[in-house]
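Undergrad: Got a file for you: coords.cif, mmCIF, C-alpha atoms and all ligand atoms.
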data_structure
loop_
_atom_site.label_atom_id
_atom_site.label_comp_id
_atom_site.auth_asym_id
_atom_site.auth_seq_id
_atom_site.Cartn_x
_atom_site.Cartn_y
_atom_site.Cartn_z
CA MET A 1 217.18 -35.75 69.66
CA ARG A 2 218.05 -32.16 68.81
CA VAL A 3 214.91 -30.21 68.04
CA ALA A 4 215.68 -26.62 68.99
CA LEU A 5 218.05 -23.82 68.02
CA LEU A 6 219.31 -20.71 69.74
CA SER A 7 219.95 -17.80 67.40
CA ARG A 8 221.65 -14.68 68.58
CA GLU A 9 223.63 -11.57 67.78
CA TYR A 10 223.66 -11.29 64.07
CA PRO A 11 224.82 -7.83 63.05
CA PRO A 12 222.39 -5.23 61.74
CA ASP A 13 222.06 -5.21 57.96
CA VAL A 14 222.31 -9.02 57.87
CA TYR A 15 219.27 -11.29 57.90
CA GLY A 16 216.51 -9.02 59.19
CA GLY A 17 218.33 -5.68 59.13
CA ALA A 18 217.41 -2.83 56.82
CA GLY A 19 220.21 -1.63 54.60
CA VAL A 20 222.26 -2.44 51.55
CA HIS A 21 221.33 -6.13 51.76
CA VAL A 22 217.73 -5.17 51.12
CA GLU A 23 218.75 -4.03 47.65
CA TYR A 24 220.57 -7.30 47.01
CA LEU A 25 217.52 -9.22 48.24
CA ALA A 26 215.20 -7.24 46.00
CA ARG A 27 217.44 -7.89 42.96
CA GLU A 28 217.51 -11.62 43.64
CA LEU A 29 213.76 -11.78 44.22
CA ALA A 30 213.17 -9.91 40.97
CA LYS A 31 214.70 -12.88 39.16
CA LEU A 32 212.01 -15.07 40.70
CA LEU A 33 209.08 -12.85 39.84
CA ASP A 34 207.51 -15.42 37.55
CA LEU A 35 207.41 -17.86 40.44
CA ARG A 36 205.50 -15.67 42.86
CA VAL A 37 202.51 -16.92 44.79
CA HIS A 38 199.63 -14.64 45.63
CA CYS A 39 197.94 -15.57 48.85
CA PHE A 40 196.09 -12.37 49.72
CA GLY A 41 193.41 -12.41 47.07
CA GLU A 42 195.44 -10.72 44.35
CA PRO A 43 195.16 -12.21 40.87
CA ARG A 44 197.78 -14.82 40.10
CA PRO A 45 200.27 -13.85 37.42
CA ALA A 46 200.10 -15.77 34.18
CA GLY A 47 202.54 -18.67 34.07
CA PRO A 48 202.79 -22.36 33.44
CA PRO A 49 200.50 -24.34 35.74
CA GLY A 50 202.31 -26.12 38.52
CA SER A 51 205.35 -23.87 38.41
CA PRO A 52 207.27 -23.71 41.67
CA GLU A 53 206.34 -20.81 43.88
CA VAL A 54 207.95 -18.71 46.56
CA ILE A 55 206.61 -16.25 49.05
CA ALA A 56 208.80 -13.18 49.28
CA HIS A 57 209.32 -12.63 52.97
CA PRO A 58 211.70 -9.80 53.59
CA THR A 59 211.86 -8.64 57.18
CA TRP A 60 213.67 -5.76 58.75
CA ASP A 61 214.17 -4.28 62.15
CA ALA A 62 211.85 -1.34 62.46
CA LEU A 63 213.85 0.44 65.17
CA GLU A 64 216.36 1.74 62.68
CA GLY A 65 214.60 5.07 62.42
CA GLY A 66 211.88 6.17 60.03
CA GLY A 67 213.95 6.78 56.93
CA ARG A 68 215.74 3.48 56.73
CA HIS A 69 212.90 1.07 57.19
CA LEU A 70 210.60 3.11 54.98
CA ALA A 71 213.30 3.02 52.30
CA ALA A 72 213.64 -0.74 52.80
CA LEU A 73 209.90 -1.14 52.36
CA ARG A 74 209.96 0.83 49.12
CA THR A 75 212.84 -1.32 47.84
CA VAL A 76 211.29 -4.71 48.50
CA ALA A 77 207.63 -3.90 47.79
CA PRO A 78 207.81 -4.33 44.01
CA VAL A 79 209.12 -7.89 44.38
CA ALA A 80 207.22 -8.96 47.48
CA ASP A 81 203.85 -10.63 47.76
CA TYR A 82 203.72 -9.44 51.32
CA VAL A 83 206.12 -7.73 53.67
CA ALA A 84 206.60 -8.97 57.23
CA VAL A 85 207.15 -6.36 59.89
CA ASN A 86 209.47 -7.92 62.45
CA VAL A 87 208.96 -6.26 65.83
CA SER A 88 209.78 -9.36 67.82
CA SER A 89 213.37 -10.47 67.36
CA PRO A 90 214.86 -10.98 70.84
CA ASN A 91 218.26 -10.17 69.36
CA THR A 92 217.54 -6.52 68.66
CA GLU A 93 217.78 -4.40 71.78
CA GLY A 94 214.63 -2.38 72.41
CA LEU A 95 212.64 -3.86 69.54
CA ALA A 96 210.04 -5.25 71.94
CA GLU A 97 209.05 -1.66 72.77
CA LEU A 98 207.38 -1.56 69.39
CA GLU A 99 204.99 -4.30 70.50
CA GLU A 100 203.12 -1.78 72.62
CA PRO A 101 199.67 -1.98 70.96
CA GLY A 102 199.20 1.72 70.11
CA ARG A 103 202.75 2.16 68.82
CA LEU A 104 202.54 -0.95 66.71
CA ALA A 105 199.28 0.06 65.07
CA ALA A 106 200.74 3.52 64.38
CA LEU A 107 203.85 1.95 62.85
CA VAL A 108 201.76 -0.23 60.54
CA ARG A 109 199.70 2.78 59.51
CA SER A 110 202.81 4.76 58.59
CA LEU A 111 204.27 1.84 56.63
CA SER A 112 201.02 1.27 54.80
CA GLU A 113 200.84 4.92 53.76
CA VAL A 114 204.26 4.57 52.17
CA GLU A 115 203.43 1.32 50.40
CA PRO A 116 199.70 0.59 50.24
CA ARG A 117 200.02 -1.96 47.41
CA ARG A 118 201.56 -4.77 49.42
CA PRO A 119 199.94 -6.57 52.36
CA LEU A 120 201.78 -6.00 55.62
CA VAL A 121 201.93 -8.85 58.10
CA VAL A 122 203.18 -8.29 61.63
CA LYS A 123 205.43 -10.87 63.22
CA LEU A 124 204.85 -11.06 66.96
CA SER A 125 206.86 -12.45 69.83
CA ALA A 126 206.32 -15.93 71.24
CA ASP A 127 206.58 -14.39 74.71
CA LEU A 128 203.45 -12.23 74.73
CA ALA A 129 201.11 -13.09 77.59
CA GLU A 130 197.55 -13.79 76.49
CA ASP A 131 196.16 -10.40 77.57
CA ARG A 132 198.99 -8.59 75.77
CA LEU A 133 198.52 -10.72 72.66
CA THR A 134 194.80 -9.93 72.50
CA ALA A 135 195.48 -6.22 73.13
CA VAL A 136 197.97 -6.18 70.26
CA ALA A 137 195.56 -8.10 67.99
CA ASP A 138 192.75 -5.67 68.86
CA ALA A 139 194.93 -2.65 68.10
CA LEU A 140 196.11 -4.13 64.81
CA SER A 141 192.51 -4.94 63.84
CA ASP A 142 192.06 -1.19 63.49
CA SER A 143 195.20 -0.83 61.38
CA PRO A 144 195.86 -1.79 57.75
CA ALA A 145 197.73 -4.99 58.83
CA ALA A 146 196.63 -7.87 56.59
CA GLY A 147 198.02 -10.69 58.66
CA LEU A 148 199.96 -11.84 61.69
CA VAL A 149 202.86 -14.26 62.00
CA LEU A 150 202.64 -16.19 65.27
CA SER A 151 205.32 -16.28 66.35
CA ASN A 152 209.01 -15.34 66.44
CA THR A 153 211.63 -16.99 68.66
CA SER A 154 211.33 -17.00 72.46
CA ARG A 155 213.42 -15.57 75.27
CA GLY A 156 212.17 -18.46 77.41
CA ARG A 157 213.97 -21.78 77.79
CA ALA A 158 211.06 -24.02 78.77
CA GLY A 159 211.17 -27.45 77.17
CA LEU A 160 214.97 -27.70 76.91
CA ARG A 161 216.77 -30.53 78.62
CA GLY A 162 220.13 -29.79 80.19
CA PRO A 163 222.97 -29.47 80.46
CA LEU A 164 222.76 -26.43 78.23
CA PRO A 165 225.93 -25.21 76.50
CA PRO A 166 227.66 -22.05 77.75
CA GLY A 167 225.89 -18.90 76.61
CA ALA A 168 222.59 -20.69 76.10
CA ASP A 169 220.82 -18.06 78.17
CA GLN A 170 221.37 -15.58 75.32
CA GLY A 171 219.34 -15.32 72.13
CA GLY A 172 216.04 -16.56 70.79
CA LEU A 173 214.86 -20.14 71.16
CA SER A 174 213.25 -21.78 68.13
CA GLY A 175 212.05 -25.25 67.25
CA ARG A 176 210.01 -27.93 68.93
CA PRO A 177 209.62 -26.22 72.33
CA LEU A 178 207.60 -23.48 70.62
CA LEU A 179 204.93 -25.69 69.06
CA GLU A 180 202.32 -25.83 71.82
CA GLY A 181 202.59 -22.12 72.64
CA MET A 182 202.27 -21.28 68.94
CA LEU A 183 199.10 -23.40 68.66
CA THR A 184 197.62 -21.64 71.69
CA ALA A 185 198.48 -18.21 70.28
CA ILE A 186 196.91 -19.05 66.91
CA GLY A 187 193.74 -20.31 68.62
CA THR A 188 193.53 -17.24 70.87
CA VAL A 189 193.91 -14.75 68.04
CA ARG A 190 191.63 -16.63 65.68
CA SER A 191 188.77 -16.77 68.16
CA ARG A 192 189.34 -13.13 69.14
CA THR A 193 189.62 -11.62 65.66
CA LYS A 194 187.55 -14.08 63.57
CA ASP A 195 188.41 -13.61 59.89
CA ARG A 196 190.11 -10.23 60.25
CA PHE A 197 193.66 -11.50 59.62
CA THR A 198 195.52 -14.03 57.55
CA LEU A 199 197.27 -16.02 60.29
CA MET A 200 200.65 -17.62 59.62
CA ALA A 201 201.82 -20.31 62.00
CA SER A 202 205.54 -20.20 62.83
CA GLY A 203 207.11 -22.22 65.61
CA GLY A 204 208.12 -25.82 66.02
CA ILE A 205 206.51 -27.28 62.90
CA PHE A 206 208.52 -30.43 62.17
CA SER A 207 205.99 -32.65 60.35
CA GLY A 208 202.85 -32.75 58.27
CA ALA A 209 200.92 -33.61 61.41
CA ASP A 210 202.23 -30.45 63.13
CA ALA A 211 201.12 -28.40 60.14
CA GLN A 212 197.66 -29.96 60.29
CA ARG A 213 197.43 -29.07 63.96
CA ALA A 214 198.33 -25.47 63.13
CA LEU A 215 195.58 -25.29 60.52
CA GLY A 216 193.19 -26.94 62.98
CA ALA A 217 194.04 -24.25 65.54
CA GLY A 218 193.07 -21.57 63.03
CA ALA A 219 196.13 -20.84 60.88
CA ASP A 220 195.77 -20.08 57.17
CA LEU A 221 199.42 -20.71 56.31
CA VAL A 222 202.36 -22.45 57.94
CA GLN A 223 206.03 -21.52 57.92
CA LEU A 224 208.96 -23.94 58.22
CA TRP A 225 212.20 -22.79 59.81
CA THR A 226 214.04 -24.92 62.36
CA GLY A 227 212.08 -27.98 61.22
CA LEU A 228 213.62 -27.53 57.80
CA VAL A 229 217.10 -27.50 59.34
CA TYR A 230 216.60 -30.82 61.11
CA ALA A 231 214.18 -32.64 58.78
CA GLY A 232 215.56 -31.30 55.48
CA PRO A 233 213.78 -30.19 52.32
CA GLY A 234 211.63 -33.35 52.22
CA LEU A 235 209.61 -31.71 54.98
CA ILE A 236 208.15 -29.29 52.44
CA GLY A 237 206.52 -32.08 50.42
CA GLU A 238 205.28 -33.80 53.56
CA VAL A 239 203.66 -30.61 54.80
CA VAL A 240 202.13 -29.75 51.44
CA GLU A 241 200.64 -33.22 51.22
CA ALA A 242 199.28 -33.10 54.76
CA VAL A 243 197.83 -29.64 54.32
CA THR A 244 196.30 -30.46 50.95
CA SER A 245 194.67 -33.66 52.16
CA ALA A 246 193.43 -31.85 55.29
CA SER A 247 191.64 -29.22 53.20
CA ILE A 248 189.83 -31.70 50.90
C1 LIG B 1 218.99 -18.71 62.81
C2 LIG B 1 217.65 -18.00 62.87
C3 LIG B 1 217.54 -16.69 62.38
C4 LIG B 1 216.32 -16.02 62.43
N1 LIG B 1 216.22 -14.76 61.92
C5 LIG B 1 215.04 -14.09 61.94
C6 LIG B 1 214.94 -12.78 61.41
O1 LIG B 1 215.89 -12.19 60.91
N2 LIG B 1 213.74 -12.16 61.46
C7 LIG B 1 212.64 -12.79 61.98
O2 LIG B 1 211.56 -12.19 61.99
N3 LIG B 1 212.70 -14.05 62.49
C8 LIG B 1 213.87 -14.72 62.48
N4 LIG B 1 213.95 -16.00 63.01
C9 LIG B 1 212.75 -16.62 63.59
C10 LIG B 1 212.08 -17.60 62.60
O3 LIG B 1 211.68 -16.94 61.43
C11 LIG B 1 210.84 -18.26 63.26
O4 LIG B 1 209.86 -17.28 63.50
C12 LIG B 1 211.18 -18.95 64.57
O5 LIG B 1 212.44 -19.60 64.46
C13 LIG B 1 210.11 -19.96 64.99
O6 LIG B 1 209.94 -20.97 64.03
P1 LIG B 1 210.68 -22.42 64.11
O7 LIG B 1 210.47 -22.96 65.49
O8 LIG B 1 210.02 -23.22 63.04
O9 LIG B 1 212.12 -22.15 63.82
C14 LIG B 1 215.17 -16.68 62.96
C15 LIG B 1 215.29 -18.00 63.44
C16 LIG B 1 216.50 -18.66 63.41
C17 LIG B 1 216.59 -20.08 63.95
#
Here is the file; what I need is its structure written in the form of structure tokens.
TA:
Amino acid sequence: MRVALLSREYPPDVYGGAGVHVEYLARELAKLLDLRVHCFGEPRPAGPPGSPEVIAHPTWDALEGGGRHLAALRTVAPVADYVAVNVSSPNTEGLAELEEPGRLAALVRSLSEVEPRRPLVVKLSADLAEDRLTAVADALSDSPAAGLVLSNTSRGRAGLRGPLPPGADQGGLSGRPLLEGMLTAIGTVRSRTKDRFTLMASGGIFSGADAQRALGAGADLVQLWTGLVYAGPGLIGEVVEAVTSASI
């Protein structure tokens, strides 16, 4: 069964890149403002009970140089419930340098000064060794970061069965092979940082049971990516049901 994806080499300014697409994204999100969910303790906007909700999750590549990503932050902040700082895409050359603990905390501080109204969550790599992960979490504890996303795609290929297609050594691995590592990372950061961060689980969640395991490991929220590709939109209902019944 196919349960993993390799993503690679999308051009800057598409998907996570900062640029003109940020303005398009902000315009589209503005149309959904009535549907926004507030998960960081802000008051919920008035609206019909049970209305569908979205989390605005714009990301951008922070290497672009101060001006561009600060401008992107200003553009999306009015329509975002939180902004994810992506310093962990394996497809952006040099981005991993920003995961050096001191640099990352400084980056979050500078972003927060520009836009203090929106919670900033930092999306980390799936490839951080435990000591590096705890060092990054410690450094971010002293920054204005409100949450962490654990984790992005992996440069590793563990868990794949061959033969792999040509070029499969390039790009970030997502999907089922990430699940166990993600659960370990969530558990490590939760026990290290207690209630300091909102923790978002991202990696290999393909079922309600996976989502329950993520919450059990210490996550506050779960994200569906590759699982949604393979399982389809019905996965959302399954996960909501599993998570809701787990919290009763
Ligand atoms: C096609 C594709 C594109 C992605 N683009 C981004 C991106 O632009 N920024 C980002 O932070 N993560 C990106 N990711 C990573 C996902 O958001 C997610 O963190 C990762 O795939 C692990 O979750 P999953 O196993 O449920 O897919 C991408 C993943 C895929 C498969």
Undergrad: Return as a tab-separated table the residues of chain A lying at most 9 Å from ligand LIG 1 (chain B), together with the closest atom-to-atom pair for each and the distance in Å to one decimal, counting only C-alpha atoms and all ligand atoms, with rows in chain order and ascending residue number.
TA:
residue	atom	partner	partner_atom	distance
A:Val3	CA	B:LIG1	O7	8.9
A:Ala4	CA	B:LIG1	O7	7.3
A:Leu5	CA	B:LIG1	C17	5.7
A:Leu6	CA	B:LIG1	C17	6.4
A:Ser7	CA	B:LIG1	C1	4.8
A:Arg8	CA	B:LIG1	C1	7.5
A:Tyr10	CA	B:LIG1	C3	8.3
A:Val14	CA	B:LIG1	O1	7.8
A:Tyr15	CA	B:LIG1	O1	4.6
A:Gly16	CA	B:LIG1	O1	3.7
A:Gly17	CA	B:LIG1	O1	7.2
A:Pro58	CA	B:LIG1	N2	8.5
A:Thr59	CA	B:LIG1	N2	5.9
A:Trp60	CA	B:LIG1	N2	7.0
A:Asp61	CA	B:LIG1	N2	7.9
A:Ala84	CA	B:LIG1	O2	7.6
A:Val85	CA	B:LIG1	O2	7.6
A:Asn86	CA	B:LIG1	O2	4.8
A:Val87	CA	B:LIG1	O2	7.5
A:Ser88	CA	B:LIG1	O2	6.7
A:Ser89	CA	B:LIG1	C7	5.9
A:Asn91	CA	B:LIG1	N1	9.0
A:Lys123	CA	B:LIG1	O2	6.4
A:Leu124	CA	B:LIG1	O2	8.4
A:Ser125	CA	B:LIG1	O4	8.5
A:Ala126	CA	B:LIG1	C13	8.3
A:Val149	CA	B:LIG1	O4	7.8
A:Leu150	CA	B:LIG1	O4	7.5
A:Ser151	CA	B:LIG1	O4	5.5
A:Asn152	CA	B:LIG1	O4	3.6
A:Thr153	CA	B:LIG1	C12	4.6
A:Ser154	CA	B:LIG1	C13	8.1
A:Gly172	CA	B:LIG1	C15	7.5
A:Leu173	CA	B:LIG1	O5	7.1
A:Ser174	CA	B:LIG1	O7	4.0
A:Gly175	CA	B:LIG1	O7	3.3
A:Arg176	CA	B:LIG1	O7	6.1
A:Pro177	CA	B:LIG1	O7	7.6
A:Leu178	CA	B:LIG1	O7	5.9
A:Leu179	CA	B:LIG1	O7	7.1
A:Met182	CA	B:LIG1	C13	8.9
A:Ala201	CA	B:LIG1	O6	8.4
A:Ser202	CA	B:LIG1	O6	4.6
A:Gly203	CA	B:LIG1	O7	3.4
A:Gly204	CA	B:LIG1	O7	3.7
A:Ile205	CA	B:LIG1	O8	5.4
A:Phe206	CA	B:LIG1	O8	7.4
A:Gln223	CA	B:LIG1	O8	6.7
A:Leu224	CA	B:LIG1	O8	5.0
A:Trp225	CA	B:LIG1	O8	3.9
A:Thr226	CA	B:LIG1	O9	3.7
A:Gly227	CA	B:LIG1	O8	5.5
A:Leu228	CA	B:LIG1	O8	7.7
A:Val229	CA	B:LIG1	O9	8.6
Undergrad: Go ahead and dump the residues you just picked, C-alpha atoms, as a PDB file, in the coordinates of the input.
TA:
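This went into again.pdb:
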ATOM      1  CA  VAL A   3     214.910 -30.210  68.040  1.00  0.00           C
ATOM      2  CA  ALA A   4     215.680 -26.620  68.990  1.00  0.00           C
ATOM      3  CA  LEU A   5     218.050 -23.820  68.020  1.00  0.00           C
ATOM      4  CA  LEU A   6     219.310 -20.710  69.740  1.00  0.00           C
ATOM      5  CA  SER A   7     219.950 -17.800  67.400  1.00  0.00           C
ATOM      6  CA  ARG A   8     221.650 -14.680  68.580  1.00  0.00           C
ATOM      7  CA  TYR A  10     223.660 -11.290  64.070  1.00  0.00           C
ATOM      8  CA  VAL A  14     222.310  -9.020  57.870  1.00  0.00           C
ATOM      9  CA  TYR A  15     219.270 -11.290  57.900  1.00  0.00           C
ATOM     10  CA  GLY A  16     216.510  -9.020  59.190  1.00  0.00           C
ATOM     11  CA  GLY A  17     218.330  -5.680  59.130  1.00  0.00           C
ATOM     12  CA  PRO A  58     211.700  -9.800  53.590  1.00  0.00           C
ATOM     13  CA  THR A  59     211.860  -8.640  57.180  1.00  0.00           C
ATOM     14  CA  TRP A  60     213.670  -5.760  58.750  1.00  0.00           C
ATOM     15  CA  ASP A  61     214.170  -4.280  62.150  1.00  0.00           C
ATOM     16  CA  ALA A  84     206.600  -8.970  57.230  1.00  0.00           C
ATOM     17  CA  VAL A  85     207.150  -6.360  59.890  1.00  0.00           C
ATOM     18  CA  ASN A  86     209.470  -7.920  62.450  1.00  0.00           C
ATOM     19  CA  VAL A  87     208.960  -6.260  65.830  1.00  0.00           C
ATOM     20  CA  SER A  88     209.780  -9.360  67.820  1.00  0.00           C
ATOM     21  CA  SER A  89     213.370 -10.470  67.360  1.00  0.00           C
ATOM     22  CA  ASN A  91     218.260 -10.170  69.360  1.00  0.00           C
ATOM     23  CA  LYS A 123     205.430 -10.870  63.220  1.00  0.00           C
ATOM     24  CA  LEU A 124     204.850 -11.060  66.960  1.00  0.00           C
ATOM     25  CA  SER A 125     206.860 -12.450  69.830  1.00  0.00           C
ATOM     26  CA  ALA A 126     206.320 -15.930  71.240  1.00  0.00           C
ATOM     27  CA  VAL A 149     202.860 -14.260  62.000  1.00  0.00           C
ATOM     28  CA  LEU A 150     202.640 -16.190  65.270  1.00  0.00           C
ATOM     29  CA  SER A 151     205.320 -16.280  66.350  1.00  0.00           C
ATOM     30  CA  ASN A 152     209.010 -15.340  66.440  1.00  0.00           C
ATOM     31  CA  THR A 153     211.630 -16.990  68.660  1.00  0.00           C
ATOM     32  CA  SER A 154     211.330 -17.000  72.460  1.00  0.00           C
ATOM     33  CA  GLY A 172     216.040 -16.560  70.790  1.00  0.00           C
ATOM     34  CA  LEU A 173     214.860 -20.140  71.160  1.00  0.00           C
ATOM     35  CA  SER A 174     213.250 -21.780  68.130  1.00  0.00           C
ATOM     36  CA  GLY A 175     212.050 -25.250  67.250  1.00  0.00           C
ATOM     37  CA  ARG A 176     210.010 -27.930  68.930  1.00  0.00           C
ATOM     38  CA  PRO A 177     209.620 -26.220  72.330  1.00  0.00           C
ATOM     39  CA  LEU A 178     207.600 -23.480  70.620  1.00  0.00           C
ATOM     40  CA  LEU A 179     204.930 -25.690  69.060  1.00  0.00           C
ATOM     41  CA  MET A 182     202.270 -21.280  68.940  1.00  0.00           C
ATOM     42  CA  ALA A 201     201.820 -20.310  62.000  1.00  0.00           C
ATOM     43  CA  SER A 202     205.540 -20.200  62.830  1.00  0.00           C
ATOM     44  CA  GLY A 203     207.110 -22.220  65.610  1.00  0.00           C
ATOM     45  CA  GLY A 204     208.120 -25.820  66.020  1.00  0.00           C
ATOM     46  CA  ILE A 205     206.510 -27.280  62.900  1.00  0.00           C
ATOM     47  CA  PHE A 206     208.520 -30.430  62.170  1.00  0.00           C
ATOM     48  CA  GLN A 223     206.030 -21.520  57.920  1.00  0.00           C
ATOM     49  CA  LEU A 224     208.960 -23.940  58.220  1.00  0.00           C
ATOM     50  CA  TRP A 225     212.200 -22.790  59.810  1.00  0.00           C
ATOM     51  CA  THR A 226     214.040 -24.920  62.360  1.00  0.00           C
ATOM     52  CA  GLY A 227     212.080 -27.980  61.220  1.00  0.00           C
ATOM     53  CA  LEU A 228     213.620 -27.530  57.800  1.00  0.00           C
ATOM     54  CA  VAL A 229     217.100 -27.500  59.340  1.00  0.00           C
TER      55      VAL A 229
END
Undergrad: What is the distance, in Å and to one decimal place, between CA of Ser141 in chain A and CA of Leu25 in chain A?
TA: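 That distance, rounded to one decimal, is 29.8 Å.
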Undergrad: One number please: CA of Ala137 in chain A to CA of Gly94 in chain A, in Å, one decimal.
TA: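 Going from CA of Ala137 in chain A over to CA of Gly94 in chain A covers 20.4 Å.
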Undergrad: Any idea what's packed within 8 Å of Leu73 in chain A, counting all atoms listed in the file, ignoring anything in its chain fewer than 6 positions away? Could you give it as a PyMOL selection string?
TA: chain A and resi 83+111+115
Undergrad: Record the distance separating CA of Phe197 in chain A and CA of Leu29 in chain A, expressed in Å with one decimal.
TA: 25.3 Å
Undergrad: Please work out which residues fall within 9 Å of (197.8, -6.5, 67.8), coordinates as given in the file, with all atoms listed in the file counting, and return them as a PyMOL selection string.
TA: chain A and resi 99-102+104-105+122+124+132-143+148
Undergrad: Name the closest residue to Arg117 in chain A among the candidates A:Leu98, A:Asp81, A:Glu130, A:Pro90; distances are taken between atoms, counting only C-alpha atoms.
TA: A:Asp81
Undergrad: Taking 2 positions as the minimum chain separation for residues in the same chain, which residues sit within 12 Å of range 218-222 of chain A when counting only C-alpha atoms? Answer as number ranges by chain.
TA: A: 39-40, 55, 147-151, 179, 182-216, 224-225, 227, 236, 239-240, 242-244, 247
Undergrad: Hey, which of A:Glu113, A:Glu23, A:Asp127, A:Asp169 ends up closest to Pro144 in chain A? Count only C-alpha atoms.
TA: A:Glu113
Undergrad: Measuring atom to atom with all atoms listed in the file, identify which of A:Ala96, A:Arg155, A:Gly162, A:Leu107 is nearest to Leu70 in chain A.
TA: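 Comparing A:Ala96, A:Arg155, A:Gly162, A:Leu107 against Leu70 in chain A, the winner is A:Leu107.
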